[in-house]
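Participant: This one is data_15.tsv, TSV, C-alpha atoms.
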```tsv
chain	number	residue	atom	x	y	z
I	1	MET	CA	157.89	58.95	200.81
I	2	ALA	CA	158.53	58.46	197.08
I	3	ALA	CA	155.62	57.22	195.00
I	4	LEU	CA	155.64	53.48	194.52
I	5	LYS	CA	155.80	51.70	191.16
I	6	MET	CA	154.52	48.21	190.48
I	7	SER	CA	157.20	45.55	190.87
I	8	THR	CA	158.20	43.08	188.18
I	9	ALA	CA	156.50	40.32	190.17
I	10	GLY	CA	153.39	42.46	190.44
I	11	VAL	CA	153.27	43.06	186.70
I	12	THR	CA	153.70	39.34	186.06
I	13	ALA	CA	150.82	38.52	188.41
I	14	LEU	CA	148.63	41.19	186.82
I	15	ALA	CA	149.27	39.85	183.32
I	16	ALA	CA	148.47	36.33	184.51
I	17	ASP	CA	145.23	37.46	186.17
I	18	GLU	CA	144.09	39.61	183.23
I	19	GLY	CA	145.29	37.21	180.57
I	20	SER	CA	147.77	38.33	177.94
I	21	VAL	CA	146.86	38.16	174.26
I	22	ASP	CA	149.52	38.95	171.66
I	23	GLY	CA	147.19	40.99	169.49
I	24	LEU	CA	143.65	42.37	169.14
I	25	TYR	CA	140.55	40.62	170.46
I	26	ASP	CA	137.03	41.39	171.64
I	27	ASP	CA	136.57	41.07	175.41
I	28	PRO	CA	133.46	39.40	176.96
I	29	SER	CA	131.59	42.71	176.62
I	30	GLY	CA	132.44	42.89	172.92
I	31	TYR	CA	134.95	45.73	173.27
I	32	CYS	CA	138.13	45.71	171.22
I	33	THR	CA	141.06	44.97	173.51
I	34	PHE	CA	144.82	44.63	173.03
I	35	GLY	CA	147.40	42.70	174.99
I	36	VAL	CA	146.74	42.88	178.73
I	37	GLY	CA	143.35	44.53	179.16
I	38	HIS	CA	144.09	47.61	177.03
I	39	LEU	CA	140.78	49.11	175.84
I	40	VAL	CA	141.46	50.08	172.22
I	41	HIS	CA	138.58	52.46	171.48
I	42	ALA	CA	137.22	54.99	173.95
I	43	ALA	CA	133.85	54.61	172.21
I	44	LYS	CA	134.02	50.86	172.95
I	45	TRP	CA	133.82	49.57	169.39
I	46	SER	CA	134.44	45.90	168.72
I	47	CYS	CA	137.60	45.21	166.69
I	48	PHE	CA	137.25	46.35	163.09
I	49	LEU	CA	140.18	44.23	161.90
I	50	LEU	CA	138.95	41.14	163.72
I	51	ALA	CA	135.45	41.45	162.24
I	52	ALA	CA	136.89	41.72	158.74
I	53	ALA	CA	139.19	38.73	159.26
I	54	ASN	CA	136.33	36.61	160.58
I	55	ALA	CA	134.31	37.36	157.44
I	56	ASN	CA	136.97	35.85	155.16
I	57	THR	CA	137.99	32.19	155.28
I	58	ALA	CA	141.62	32.86	154.32
I	59	TRP	CA	142.10	35.54	156.96
I	60	GLN	CA	140.16	33.58	159.54
I	61	GLY	CA	142.66	30.76	159.15
I	62	LYS	CA	145.49	33.10	160.13
I	63	LEU	CA	143.91	34.26	163.37
I	64	GLY	CA	145.37	33.19	166.68
I	65	THR	CA	143.40	31.41	169.40
I	66	ILE	CA	143.92	31.62	173.15
I	67	TYR	CA	141.59	31.29	176.17
I	68	GLY	CA	138.96	30.07	173.71
I	69	ILE	CA	138.89	33.35	171.79
I	70	SER	CA	140.17	34.38	168.36
I	71	TYR	CA	142.48	37.34	167.92
I	72	VAL	CA	144.36	39.24	165.22
I	73	PRO	CA	148.03	38.50	166.00
I	74	ARG	CA	150.66	41.21	165.93
I	75	SER	CA	152.27	39.25	163.11
I	76	ALA	CA	149.36	40.35	160.89
I	77	VAL	CA	151.39	43.44	160.00
I	78	SER	CA	153.63	41.16	157.93
I	79	TRP	CA	150.82	39.46	156.02
I	80	SER	CA	151.09	40.04	152.28
I	81	ASP	CA	147.41	41.00	152.18
I	82	TYR	CA	147.42	43.11	155.36
I	83	ALA	CA	146.54	46.25	153.39
I	84	ASP	CA	143.53	44.44	151.95
I	85	LEU	CA	142.44	43.44	155.46
I	86	LYS	CA	142.56	47.07	156.59
I	87	THR	CA	140.56	48.18	153.56
I	88	LYS	CA	137.90	45.55	154.20
I	89	ALA	CA	137.82	46.48	157.89
I	90	VAL	CA	136.96	50.06	156.98
I	91	GLU	CA	134.27	48.96	154.54
I	92	GLN	CA	132.62	46.68	157.09
I	93	GLY	CA	133.24	49.18	159.86
I	94	ILE	CA	130.83	51.63	158.28
I	95	ASP	CA	127.98	49.28	159.13
I	96	GLN	CA	129.22	48.82	162.72
I	97	VAL	CA	129.40	52.57	163.22
I	98	ALA	CA	125.95	53.11	161.73
I	99	LYS	CA	124.35	50.44	163.92
I	100	LYS	CA	125.93	51.82	167.08
I	101	GLN	CA	124.55	55.23	166.17
I	102	GLY	CA	121.10	53.70	165.81
I	103	LYS	CA	120.97	53.99	162.04
I	104	ASP	CA	120.01	51.43	159.41
I	105	PRO	CA	123.20	50.66	157.40
I	106	GLY	CA	121.05	50.18	154.30
I	107	LYS	CA	119.52	53.64	154.55
I	108	LEU	CA	122.53	55.87	155.12
I	109	THR	CA	122.74	59.17	153.31
I	110	ASP	CA	125.95	60.04	151.52
I	111	ALA	CA	126.81	62.34	154.41
I	112	ASP	CA	126.17	59.54	156.92
I	113	LYS	CA	128.38	57.18	154.93
I	114	THR	CA	131.20	59.73	154.79
I	115	ALA	CA	131.01	60.37	158.51
I	116	ALA	CA	130.84	56.66	159.38
I	117	LYS	CA	133.76	55.89	157.08
I	118	ALA	CA	135.88	58.53	158.81
I	119	VAL	CA	135.16	56.92	162.19
I	120	ALA	CA	135.96	53.43	160.87
I	121	GLU	CA	139.19	54.64	159.25
I	122	ALA	CA	140.29	56.25	162.52
I	123	GLY	CA	139.46	53.05	164.40
I	124	VAL	CA	141.41	50.86	162.01
I	125	ARG	CA	144.42	53.21	162.28
I	126	VAL	CA	144.37	52.88	166.08
I	127	GLU	CA	144.23	49.08	165.83
I	128	ALA	CA	147.01	48.97	163.24
I	129	ASP	CA	149.21	51.22	165.39
I	130	LEU	CA	148.78	48.86	168.35
I	131	LEU	CA	149.68	45.78	166.31
I	132	ALA	CA	153.03	47.44	165.64
I	133	LYS	CA	153.73	47.67	169.40
I	134	LYS	CA	154.80	45.13	172.00
I	135	VAL	CA	152.23	44.04	174.55
I	136	GLU	CA	154.57	44.71	177.47
I	137	ASP	CA	155.24	48.27	176.28
I	138	VAL	CA	151.55	49.09	176.04
I	139	LEU	CA	150.94	47.60	179.49
I	140	ALA	CA	153.81	49.60	180.98
I	141	ALA	CA	152.34	52.81	179.55
I	142	ASP	CA	148.87	51.93	180.87
I	143	LEU	CA	150.05	51.17	184.40
I	144	GLY	CA	151.10	54.72	185.19
I	145	SER	CA	147.58	56.04	185.72
I	146	TYR	CA	146.69	53.14	188.03
I	147	GLU	CA	149.89	53.47	190.03
I	148	ASN	CA	149.20	57.19	190.42
I	149	ALA	CA	145.63	56.46	191.52
I	150	VAL	CA	146.76	54.07	194.26
I	151	ASN	CA	149.50	56.41	195.46
I	152	ALA	CA	146.99	59.27	195.66
I	153	ALA	CA	144.10	57.33	197.21
I	154	ILE	CA	145.96	55.58	200.03
I	155	THR	CA	146.77	58.24	202.58
I	156	GLY	CA	146.34	56.55	205.94
I	157	VAL	CA	149.08	53.93	205.73
I	158	THR	CA	152.53	53.39	204.25
I	159	LEU	CA	152.11	50.49	201.85
I	160	THR	CA	154.53	47.63	201.40
I	161	GLN	CA	155.43	46.65	197.83
I	162	ASP	CA	153.17	43.58	197.94
I	163	GLU	CA	150.26	45.65	199.23
I	164	PHE	CA	150.79	48.26	196.53
I	165	ASP	CA	151.00	45.65	193.77
I	166	ALA	CA	147.73	44.05	194.89
I	167	LEU	CA	145.96	47.42	194.89
I	168	VAL	CA	147.23	48.36	191.43
I	169	SER	CA	145.92	45.01	190.21
I	170	ILE	CA	142.38	45.60	191.46
I	171	CYS	CA	142.46	49.24	190.38
I	172	PHE	CA	143.46	48.15	186.87
I	173	ASN	CA	140.53	45.75	186.81
I	174	ILE	CA	137.72	47.89	188.27
I	175	GLY	CA	138.87	51.32	187.10
I	176	VAL	CA	140.27	54.39	188.83
I	177	THR	CA	136.92	55.99	189.71
I	178	ASN	CA	135.53	52.83	191.27
I	179	PHE	CA	138.75	52.23	193.15
I	180	LYS	CA	138.99	55.72	194.64
I	181	GLY	CA	135.39	55.62	195.87
I	182	SER	CA	135.54	52.06	197.19
I	183	THR	CA	134.99	50.74	200.67
I	184	LEU	CA	138.34	49.00	200.19
I	185	VAL	CA	140.22	52.30	200.12
I	186	LYS	CA	138.23	53.57	203.09
I	187	LYS	CA	139.03	50.50	205.20
I	188	ILE	CA	142.72	50.57	204.32
I	189	ASN	CA	143.01	54.26	205.16
I	190	GLU	CA	141.55	53.61	208.62
I	191	ASN	CA	144.90	51.88	209.26
I	192	LYS	CA	143.52	49.36	211.72
I	193	TYR	CA	144.68	46.18	210.02
I	194	ARG	CA	148.34	46.63	210.95
I	195	SER	CA	148.20	48.92	213.97
I	196	GLY	CA	147.30	48.58	217.63
I	197	THR	CA	148.24	46.03	220.27
I	198	ASP	CA	144.83	44.34	220.49
I	199	ALA	CA	144.43	41.34	218.20
I	200	GLY	CA	140.62	41.60	218.12
I	201	PRO	CA	140.32	44.92	216.27
I	202	ARG	CA	143.11	43.89	213.92
I	203	GLN	CA	141.28	40.70	212.99
I	204	THR	CA	138.09	42.68	212.38
I	205	ALA	CA	139.94	45.14	210.16
I	206	ILE	CA	141.56	42.32	208.17
I	207	THR	CA	138.19	40.67	207.66
I	208	ASP	CA	136.69	44.00	206.54
I	209	ILE	CA	139.43	44.37	203.92
I	210	GLU	CA	138.96	40.77	202.75
I	211	ASN	CA	135.24	41.48	202.26
I	212	ALA	CA	135.95	44.77	200.51
I	213	PHE	CA	138.15	42.99	197.97
I	214	ALA	CA	135.62	40.18	197.53
I	215	ALA	CA	132.76	42.58	196.79
I	216	TRP	CA	134.27	43.34	193.35
I	217	ASN	CA	133.54	39.94	191.82
I	218	LYS	CA	130.68	40.82	189.48
I	219	SER	CA	130.33	41.85	185.85
I	220	GLY	CA	126.97	43.04	184.59
I	221	GLY	CA	125.52	42.15	187.99
I	222	GLN	CA	126.59	38.52	187.69
I	223	VAL	CA	129.15	36.86	189.96
I	224	LEU	CA	132.04	35.53	187.88
I	225	PRO	CA	134.14	32.68	189.32
I	226	GLY	CA	137.23	34.14	187.65
I	227	LEU	CA	136.77	37.47	189.42
I	228	THR	CA	136.09	35.74	192.74
I	229	LYS	CA	139.37	33.84	192.36
I	230	ARG	CA	141.24	37.00	191.38
I	231	ARG	CA	139.92	39.02	194.32
I	232	LYS	CA	141.00	36.22	196.68
I	233	SER	CA	144.49	36.23	195.16
I	234	GLU	CA	144.77	40.02	195.46
I	235	SER	CA	143.50	40.13	199.05
I	236	ASP	CA	145.84	37.31	200.06
I	237	ARG	CA	148.80	39.23	198.63
I	238	PHE	CA	147.68	42.45	200.28
I	239	LEU	CA	147.04	40.92	203.69
I	240	ALA	CA	149.96	38.49	203.93
I	241	GLY	CA	152.02	40.82	206.11
I	242	ALA	CA	149.09	41.84	208.30
I	243	ARG	CA	148.10	38.21	208.87
I	244	ALA	CA	151.68	37.28	209.80
I	245	GLU	CA	151.79	40.10	212.36
I	246	LEU	CA	148.43	39.04	213.78
I	247	THR	CA	149.60	35.44	214.13
I	248	LYS	CA	152.63	36.63	216.10
I	249	MET	CA	150.42	38.68	218.40
I	250	LYS	CA	148.33	35.62	219.19
I	251	VAL	CA	151.32	33.45	220.17
I	252	PRO	CA	151.52	33.33	223.98
I	253	VAL	CA	154.67	34.81	225.48
I	254	PRO	CA	156.47	32.12	227.53
I	255	ALA	CA	156.46	32.80	231.25
I	256	LYS	CA	159.79	33.71	232.76
I	257	PRO	CA	161.31	30.93	234.90
```
Write the structure described by the file as structure tokens, please.
Facilitator:
Amino acid sequence: MAALKMSTAGVTALAADEGSVDGLYDDPSGYCTFGVGHLVHAAKWSCFLLAAANANTAWQGKLGTIYGISYVPRSAVSWSDYADLKTKAVEQGIDQVAKKQGKDPGKLTDADKTAAKAVAEAGVRVEADLLAKKVEDVLAADLGSYENAVNAAITGVTLTQDEFDALVSICFNIGVTNFKGSTLVKKINENKYRSGTDAGPRQTAITDIENAFAAWNKSGGQVLPGLTKRRKSESDRFLAGARAELTKMKVPVPAKP
């Protein structure tokens, strides 16, 4: 069977669940993020450009706001003082880099400053490159690895499009490694939720999958209502077909006259 790709409806649902920001922002963990959950820096820096903008009243007034957070909009590339913003972001970024490396920004050697500046410059370039791209294009490029992960991990059952979309959504949110090693994948691959003529084992398998989705509702060890809601949405999409089949199995067959 050909590898599945996420449907348009699936992408729309994912963007709604993740939240789509038309620019650069810091996520709840303080990591620079772009668009729909795109981690900007592998080293998990906060946004250099956003920090610089927040330190200047004029720039701060040009920031966008959504979901209660501030972000550097993609339109920043057309600001007349955009070059100045990037310069300031590098200057301030030196301190961010130093602190993350456990160094006192006020006691850096010339060599330390040069090295930190190079890191900040590289980070600002990455952020600037993203601001020149469309959110949907970056998301489309990101999805490939998660689609591949789901196609590779699910081996015990032929997925429907809705099932596949729901799994790509949770994989995108919890990460490929977590997804592949999850109880969720194990339970799906047992292929008990849509097979067999006995309603009892099917119901048990469906419940097991519901619980396996629901288990991924924490961040930093804390249960987040938003993640609980998202897991419920994903499991409902995944299990819709299986529940419909189970309901049919439970309907008594009319006796022949």
Participant: What would the list of residues within 6 Å of (141.1, 47.5, 212.0) (file frame) look like as a ChimeraX atom specification, if all atoms listed in the file are what count?
Facilitator: /I:192-193,201-202,204-205
Participant: Could you give me, as a Markdown table, every stretch 151-218 of chain I residue with an atom at most 12 Å from stretch 37-48 of chain I, plus its closest atom pair and distance in Å to one decimal, counting only C-alpha atoms, rows ordered by chain then number?
Facilitator:
```
| residue | atom | partner | partner_atom | distance |
| --- | --- | --- | --- | --- |
| I:Ser169 | CA | I:Gly37 | CA | 11.4 |
| I:Phe172 | CA | I:Gly37 | CA | 8.5 |
| I:Asn173 | CA | I:Gly37 | CA | 8.2 |
| I:Ile174 | CA | I:Gly37 | CA | 11.2 |
| I:Gly175 | CA | I:Gly37 | CA | 11.4 |
```
Participant: Could you check the closest approach to I:Thr12 for each of I:Ala120, I:Gln92, I:Arg125, I:Asp165 and tell me which residue wins, using all atoms listed in the file?
Facilitator: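 Of I:Ala120, I:Gln92, I:Arg125, I:Asp165, the one nearest I:Thr12, counting all atoms listed in the file, is I:Asp165.
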Participant: So what do you get for atom CA of I:Cys32 versus atom CA of I:Ala55, distance-wise?
Facilitator: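 Here the two named atoms are 16.6 Å from each other.
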Participant: Excluding I:Asp129 and any residue of its chain fewer than 4 positions from it, enumerate the residues within 12 Å of it, using all atoms listed in the file, and give them as a VMD selection string.
Facilitator: chain I and resid 23 to 24 34 40 49 74 76 to 77 86 122 to 125 133 to 134 138
Participant: Atom CA of I:Asp142 and atom CA of I:Thr158, how far apart in Å?
Facilitator: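 Straight-line distance from atom CA of I:Thr158 to atom CA of I:Asp142 works out to 23.7 Å.
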Participant: Scan for residues within 12 Å of the point (143.1, 48.5, 206.9) in the coordinates of the file, using all atoms listed in the file, and reply as a tab-separated table (two decimals) with C-alpha atoms, in the coordinates of the input.
Facilitator:
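part17.tsv was written with the following content:
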```tsv
chain	number	residue	atom	x	y	z
I	154	ILE	CA	145.96	55.58	200.03
I	155	THR	CA	146.77	58.24	202.58
I	156	GLY	CA	146.34	56.55	205.94
I	157	VAL	CA	149.08	53.93	205.73
I	158	THR	CA	152.53	53.39	204.25
I	159	LEU	CA	152.11	50.49	201.85
I	163	GLU	CA	150.26	45.65	199.23
I	183	THR	CA	134.99	50.74	200.67
I	184	LEU	CA	138.34	49.00	200.19
I	185	VAL	CA	140.22	52.30	200.12
I	186	LYS	CA	138.23	53.57	203.09
I	187	LYS	CA	139.03	50.50	205.20
I	188	ILE	CA	142.72	50.57	204.32
I	189	ASN	CA	143.01	54.26	205.16
I	190	GLU	CA	141.55	53.61	208.62
I	191	ASN	CA	144.90	51.88	209.26
I	192	LYS	CA	143.52	49.36	211.72
I	193	TYR	CA	144.68	46.18	210.02
I	194	ARG	CA	148.34	46.63	210.95
I	195	SER	CA	148.20	48.92	213.97
I	196	GLY	CA	147.30	48.58	217.63
I	201	PRO	CA	140.32	44.92	216.27
I	202	ARG	CA	143.11	43.89	213.92
I	203	GLN	CA	141.28	40.70	212.99
I	204	THR	CA	138.09	42.68	212.38
I	205	ALA	CA	139.94	45.14	210.16
I	206	ILE	CA	141.56	42.32	208.17
I	207	THR	CA	138.19	40.67	207.66
I	208	ASP	CA	136.69	44.00	206.54
I	209	ILE	CA	139.43	44.37	203.92
I	210	GLU	CA	138.96	40.77	202.75
I	211	ASN	CA	135.24	41.48	202.26
I	212	ALA	CA	135.95	44.77	200.51
I	213	PHE	CA	138.15	42.99	197.97
I	235	SER	CA	143.50	40.13	199.05
I	238	PHE	CA	147.68	42.45	200.28
I	239	LEU	CA	147.04	40.92	203.69
I	241	GLY	CA	152.02	40.82	206.11
I	242	ALA	CA	149.09	41.84	208.30
I	243	ARG	CA	148.10	38.21	208.87
```
Participant: May I ask for the distance between atom CA of I:Gln60 and atom CA of I:Ser20, given in Å to one decimal place?
Facilitator: 20.5 Å
Participant: Kindly indicate which residue among I:Val168, I:Leu50, I:Asp236, I:Asn217 lies nearest to I:Ser145, using all atoms listed in the file for the distances.
Facilitator: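 Closest to I:Ser145 of all the choices is I:Val168.
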Participant: Go through I:Lys117, I:Tyr71, I:Ala3, I:Leu139 one by one, measure the shortest atom-to-atom distance of each to I:Asn151 using all atoms listed in the file, and give the residue with the smallest value.
Facilitator: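 Result for the nearest residue to I:Asn151: I:Ala3.
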Participant: For a quick check of understanding, using all atoms listed in the file, which of I:Ala53, I:Ile69, I:Val21, I:Leu63 has the smallest distance to I:Lys88?
Facilitator: I:Ala53
Participant: Looking at all atoms listed in the file, which of I:Ala141, I:Ile66, I:Ala89, I:Ala152 is the one that sits closest to I:Ala128?
Facilitator: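 Residue with the minimum atom-to-atom distance to I:Ala128: I:Ala89.
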Participant: Which of these residues is nearest to I:Val251, using all atoms listed in the file: I:Val176, I:Ala214, I:Leu227, I:Ala199?
Facilitator: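 With all atoms listed in the file as the atom set, the closest residue is I:Ala199.
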Participant: Using all atoms listed in the file, determine which residues lie at most 7 Å from I:Arg237, disregarding the query and same-chain residues fewer than 3 positions distant; provide the list as a list of chain:residue names.
Facilitator: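 Contacts, in chain order: I:Asp162, I:Glu163, I:Ala166, I:Ser233, I:Glu234, I:Ala240.
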